[in-house]
Amino acid sequence: MLVKVVLMGPQGCGKGTQAELLVKEFGFKHFSTGDVLRARSKVDDALGREIKEIMLRGELVPPRIINSIVSEAVKSFDDLLFDGFPRNLDQAELLSSLTGVDSVVEIVISDDEAVRRISARRVCESCGKSFNLLTLPPKVDGVCDACGGRLVQRADDQPEAIRKRLSIYHEETEPLKDYYSNRGVPVFEINGEQSIEAVFADIKKVLSPLFDKP
Ligand code: AMP
């Protein structure tokens with residue numbers, strides 16, 4: 001049976017980094033709505049420009065855009081790791097109408113820690129790999145370890161947009177923990193204020209039973 005896991009947590013909690021490790025460990029297909037939308041926003045047409053403006057403000061893109069992206073991804077015959085989706089109750093209902101969820105993992109960090117980390121975040125403008133000047137610096141200043149591309153700060157990682165995104169997380173995304181536990185889906189809260197390896201070990205422990213791994 002295919003495994004579906006929702007990975008959630010406030011901006012800067014290390015979701016992207018953990019998702020990469022989980023893909024290697026368990027063979028998930030990583031489905032990040034943020035990554036899909038960022039790629040689409042680079043296309044210079046009406047939809048691309050609309051997505052770009054919404055993302056710049058740190059707001060959520062509307063259902064008509066998200067729904068088609070998600071419906072397409074859920075058709076995949078892979079174990080899926082949802083990252084950045086669902087973000088509110090409507091999206092959780094949409095996902096429930098398409099597929100069941102086996103587990104929800106939330107990586108928990110404080111708002112202060114989130115702002116500190118996000119301000120230090122850099123992404124490669126060519127391949128999209130993430131770095132963090134505090135926790136995961138590149139080998140050479142300003143240069144991507146993977147492809148040699150230039151490292152830049154995401155436009156929505158500016159303070160005003162960060163605050164907006166954190167408040168949306170608390171108001172709209174956090175309640176999904178109750179949504180899932182009320183439906184009998186296990187929700188695991190992982191302390192995200194530990195080393196990358198320790199966070200990964202904690203997540204691995206709670207997800208391993210889904211793959212019958214010791
Ligand atoms: P992320 O990379 O997950 O932090 O997402 C970056 C931005 O993409 C968000 O601030 C939203 O503007 C948009 N976005 C990502 N996922 C969703 C989603 N599930 N629903 C609506 N907007 C989203």
# chains A, B, ... in the order shown; residues from 1 in each chain; ligands from 1
>>> residues_near_ligand(ligand="ligand 1", cutoff="8 Å", atoms="only C-alpha atoms and all ligand atoms", output="PyMOL selection string")
chain A and resi 11+32-35+37-38+51+54-63+66+83-88+91+156+165
>>> residues_around(residues="range 110-120 of chain A", least_positions_apart="2", cutoff="9 Å", atoms="only C-alpha atoms", output="NGL selection string")
:A and (10-13 or 108 or 122 or 131-135 or 153 or 157-159 or 162-163 or 166 or 193)
>>> residues_around(residues="Lys29 in chain A", least_positions_apart="3", cutoff="10 Å", atoms="only C-alpha atoms", output="list in words")
Lys4, Ala19, Glu20, Leu22, Val23, Lys24, Phe26, Ser32, Ala73, Ser76, Phe77, Asp78, Asp79, Leu80, Leu81 and Phe82 of chain A
>>> select_by_dssp(residues="range 79-108 of chain A", states="strand (DSSP E)", output="VMD selection string")
chain A and resid 80 to 83 103 to 108
>>> atom_distance(atom1="CA of Leu21 in chain A", atom2="CA of Glu72 in chain A")
24.0 Å
>>> atom_distance(atom1="CA of Val152 in chain A", atom2="CA of Glu125 in chain A")
6.4 Å
>>> atom_distance(atom1="CA of Met1 in chain A", atom2="CA of Phe28 in chain A")
13.0 Å
>>> closest_atom_pairs(of="range 138-199 of chain A", to="range 101-107 of chain A", cutoff="7 Å", atoms="only C-alpha atoms", output="Markdown table")
| residue | atom | partner | partner_atom | distance |
| --- | --- | --- | --- | --- |
| A:Val185 | CA | A:Ser103 | CA | 5.9 |
| A:Pro186 | CA | A:Ser103 | CA | 5.3 |
| A:Val187 | CA | A:Val104 | CA | 4.6 |
| A:Phe188 | CA | A:Val105 | CA | 4.8 |
| A:Glu189 | CA | A:Glu106 | CA | 4.9 |
| A:Ile190 | CA | A:Ile107 | CA | 4.9 |
| A:Asn191 | CA | A:Ile107 | CA | 6.1 |
| A:Gly192 | CA | A:Ile107 | CA | 5.1 |
>>> closest_residue(among="A:Lys75, A:Lys205, A:Arg64, A:Arg183", to="Asp90 in chain A", atoms="only C-alpha atoms")
A:Arg64
>>> closest_residue(among="A:Val43, A:Lys52, A:Gly9, A:Phe31", to="Ala155 in chain A", atoms="only C-alpha atoms")
A:Lys52
>>> residues_around(residues="Cys127 in chain A", least_positions_apart="2", cutoff="12 Å", atoms="only C-alpha atoms", output="list in words")
Asp35, Arg38, Ala39, Val123, Cys124, Glu125, Lys129, Ser130, Phe131, Val143, Cys144, Asp145, Ala146, Cys147, Gly148, Gly149, Arg150, Leu151 and Val152 of chain A
>>> write_last_selection(atoms="N, CA and C atoms", output="PDB file, in the first residue's frame")
ATOM      1  N   ASP A  35       7.684  24.613  -3.782  1.00  0.00           N
ATOM      2  CA  ASP A  35       8.640  24.416  -4.887  1.00  0.00           C
ATOM      3  C   ASP A  35       7.916  24.452  -6.236  1.00  0.00           C
ATOM      4  N   ARG A  38       6.941  28.063  -6.894  1.00  0.00           N
ATOM      5  CA  ARG A  38       8.113  28.904  -7.227  1.00  0.00           C
ATOM      6  C   ARG A  38       8.527  28.666  -8.674  1.00  0.00           C
ATOM      7  N   ALA A  39       8.535  27.391  -9.086  1.00  0.00           N
ATOM      8  CA  ALA A  39       8.915  27.083 -10.471  1.00  0.00           C
ATOM      9  C   ALA A  39       7.896  27.705 -11.434  1.00  0.00           C
ATOM     10  N   VAL A 123      19.029  30.548  -0.859  1.00  0.00           N
ATOM     11  CA  VAL A 123      18.724  29.465  -1.803  1.00  0.00           C
ATOM     12  C   VAL A 123      19.507  29.678  -3.096  1.00  0.00           C
ATOM     13  N   CYS A 124      19.797  28.568  -3.769  1.00  0.00           N
ATOM     14  CA  CYS A 124      20.520  28.665  -5.039  1.00  0.00           C
ATOM     15  C   CYS A 124      19.544  29.101  -6.124  1.00  0.00           C
ATOM     16  N   GLU A 125      19.906  30.167  -6.853  1.00  0.00           N
ATOM     17  CA  GLU A 125      18.959  30.645  -7.874  1.00  0.00           C
ATOM     18  C   GLU A 125      18.915  29.719  -9.093  1.00  0.00           C
ATOM     19  N   LYS A 129      18.580  24.573  -4.267  1.00  0.00           N
ATOM     20  CA  LYS A 129      19.032  23.978  -3.004  1.00  0.00           C
ATOM     21  C   LYS A 129      19.080  25.044  -1.906  1.00  0.00           C
ATOM     22  N   SER A 130      18.674  24.625  -0.681  1.00  0.00           N
ATOM     23  CA  SER A 130      18.631  25.567   0.450  1.00  0.00           C
ATOM     24  C   SER A 130      19.873  25.474   1.318  1.00  0.00           C
ATOM     25  N   PHE A 131      20.315  26.620   1.806  1.00  0.00           N
ATOM     26  CA  PHE A 131      21.421  26.678   2.770  1.00  0.00           C
ATOM     27  C   PHE A 131      20.982  27.566   3.918  1.00  0.00           C
ATOM     28  N   VAL A 143      28.048  30.692  -2.840  1.00  0.00           N
ATOM     29  CA  VAL A 143      28.075  29.777  -3.997  1.00  0.00           C
ATOM     30  C   VAL A 143      27.453  28.427  -3.610  1.00  0.00           C
ATOM     31  N   CYS A 144      26.597  27.900  -4.482  1.00  0.00           N
ATOM     32  CA  CYS A 144      25.925  26.624  -4.212  1.00  0.00           C
ATOM     33  C   CYS A 144      26.910  25.454  -4.272  1.00  0.00           C
ATOM     34  N   ASP A 145      26.921  24.615  -3.218  1.00  0.00           N
ATOM     35  CA  ASP A 145      27.791  23.426  -3.189  1.00  0.00           C
ATOM     36  C   ASP A 145      27.437  22.460  -4.318  1.00  0.00           C
ATOM     37  N   ALA A 146      26.137  22.382  -4.639  1.00  0.00           N
ATOM     38  CA  ALA A 146      25.693  21.351  -5.588  1.00  0.00           C
ATOM     39  C   ALA A 146      25.981  21.715  -7.043  1.00  0.00           C
ATOM     40  N   CYS A 147      25.722  22.988  -7.419  1.00  0.00           N
ATOM     41  CA  CYS A 147      25.829  23.294  -8.860  1.00  0.00           C
ATOM     42  C   CYS A 147      26.674  24.541  -9.156  1.00  0.00           C
ATOM     43  N   GLY A 148      27.184  25.208  -8.110  1.00  0.00           N
ATOM     44  CA  GLY A 148      28.019  26.397  -8.350  1.00  0.00           C
ATOM     45  C   GLY A 148      27.206  27.654  -8.624  1.00  0.00           C
ATOM     46  N   GLY A 149      25.858  27.548  -8.532  1.00  0.00           N
ATOM     47  CA  GLY A 149      24.987  28.719  -8.777  1.00  0.00           C
ATOM     48  C   GLY A 149      25.124  29.770  -7.679  1.00  0.00           C
ATOM     49  N   ARG A 150      24.494  30.927  -7.929  1.00  0.00           N
ATOM     50  CA  ARG A 150      24.579  32.036  -6.974  1.00  0.00           C
ATOM     51  C   ARG A 150      23.525  31.848  -5.881  1.00  0.00           C
ATOM     52  N   LEU A 151      23.928  32.084  -4.602  1.00  0.00           N
ATOM     53  CA  LEU A 151      22.973  31.964  -3.497  1.00  0.00           C
ATOM     54  C   LEU A 151      22.319  33.313  -3.232  1.00  0.00           C
ATOM     55  N   VAL A 152      20.993  33.303  -3.122  1.00  0.00           N
ATOM     56  CA  VAL A 152      20.249  34.550  -2.911  1.00  0.00           C
ATOM     57  C   VAL A 152      19.250  34.356  -1.770  1.00  0.00           C
TER      58      VAL A 152
END
>>> decode(residues="range 31-55 of chain A", atoms="N, CA and C atoms", output="short mmCIF file (atom, residue, chain, number, x, y, z; two decimals), in the first residue's frame")
data_model
loop_
_atom_site.label_atom_id
_atom_site.label_comp_id
_atom_site.auth_asym_id
_atom_site.auth_seq_id
_atom_site.Cartn_x
_atom_site.Cartn_y
_atom_site.Cartn_z
N PHE A 31 6.64 16.11 -2.37
CA PHE A 31 5.71 17.01 -3.04
C PHE A 31 5.61 18.31 -2.26
N SER A 32 6.36 19.32 -2.69
CA SER A 32 6.36 20.63 -2.02
C SER A 32 5.58 21.62 -2.88
N THR A 33 4.42 22.07 -2.38
CA THR A 33 3.64 23.03 -3.17
C THR A 33 4.44 24.31 -3.37
N GLY A 34 5.23 24.70 -2.34
CA GLY A 34 6.06 25.91 -2.46
C GLY A 34 7.03 25.79 -3.65
N ASP A 35 7.68 24.61 -3.78
CA ASP A 35 8.64 24.42 -4.89
C ASP A 35 7.92 24.45 -6.24
N VAL A 36 6.76 23.78 -6.30
CA VAL A 36 6.02 23.76 -7.57
C VAL A 36 5.59 25.18 -7.94
N LEU A 37 5.11 25.93 -6.93
CA LEU A 37 4.64 27.30 -7.21
C LEU A 37 5.80 28.23 -7.58
N ARG A 38 6.94 28.06 -6.89
CA ARG A 38 8.11 28.90 -7.23
C ARG A 38 8.53 28.67 -8.67
N ALA A 39 8.54 27.39 -9.09
CA ALA A 39 8.91 27.08 -10.47
C ALA A 39 7.90 27.71 -11.43
N ARG A 40 6.60 27.58 -11.11
CA ARG A 40 5.56 28.12 -12.01
C ARG A 40 5.62 29.65 -12.07
N SER A 41 6.05 30.27 -10.94
CA SER A 41 6.08 31.74 -10.88
C SER A 41 7.18 32.32 -11.77
N LYS A 42 8.11 31.45 -12.21
CA LYS A 42 9.19 31.94 -13.08
C LYS A 42 8.76 32.02 -14.53
N VAL A 43 7.62 31.39 -14.85
CA VAL A 43 7.12 31.47 -16.23
C VAL A 43 6.48 32.85 -16.41
N ASP A 44 6.89 33.54 -17.46
CA ASP A 44 6.43 34.92 -17.63
C ASP A 44 5.11 34.95 -18.40
N ASP A 45 4.03 34.53 -17.72
CA ASP A 45 2.69 34.66 -18.30
C ASP A 45 1.77 35.15 -17.18
N ALA A 46 0.46 35.28 -17.47
CA ALA A 46 -0.45 35.87 -16.49
C ALA A 46 -0.46 35.06 -15.18
N LEU A 47 -0.56 33.73 -15.30
CA LEU A 47 -0.61 32.89 -14.11
C LEU A 47 0.70 32.99 -13.31
N GLY A 48 1.83 32.94 -14.03
CA GLY A 48 3.14 33.05 -13.38
C GLY A 48 3.26 34.34 -12.60
N ARG A 49 2.82 35.44 -13.21
CA ARG A 49 2.92 36.75 -12.53
C ARG A 49 1.99 36.82 -11.33
N GLU A 50 0.80 36.24 -11.47
CA GLU A 50 -0.15 36.25 -10.35
C GLU A 50 0.43 35.49 -9.15
N ILE A 51 0.98 34.31 -9.42
CA ILE A 51 1.56 33.49 -8.34
C ILE A 51 2.72 34.25 -7.68
N LYS A 52 3.55 34.86 -8.52
CA LYS A 52 4.73 35.57 -8.00
C LYS A 52 4.32 36.68 -7.03
N GLU A 53 3.30 37.45 -7.41
CA GLU A 53 2.87 38.56 -6.55
C GLU A 53 2.31 38.07 -5.22
N ILE A 54 1.51 36.99 -5.27
CA ILE A 54 0.92 36.45 -4.03
C ILE A 54 2.04 35.94 -3.12
N MET A 55 3.01 35.23 -3.70
CA MET A 55 4.09 34.67 -2.89
C MET A 55 4.93 35.78 -2.28
#
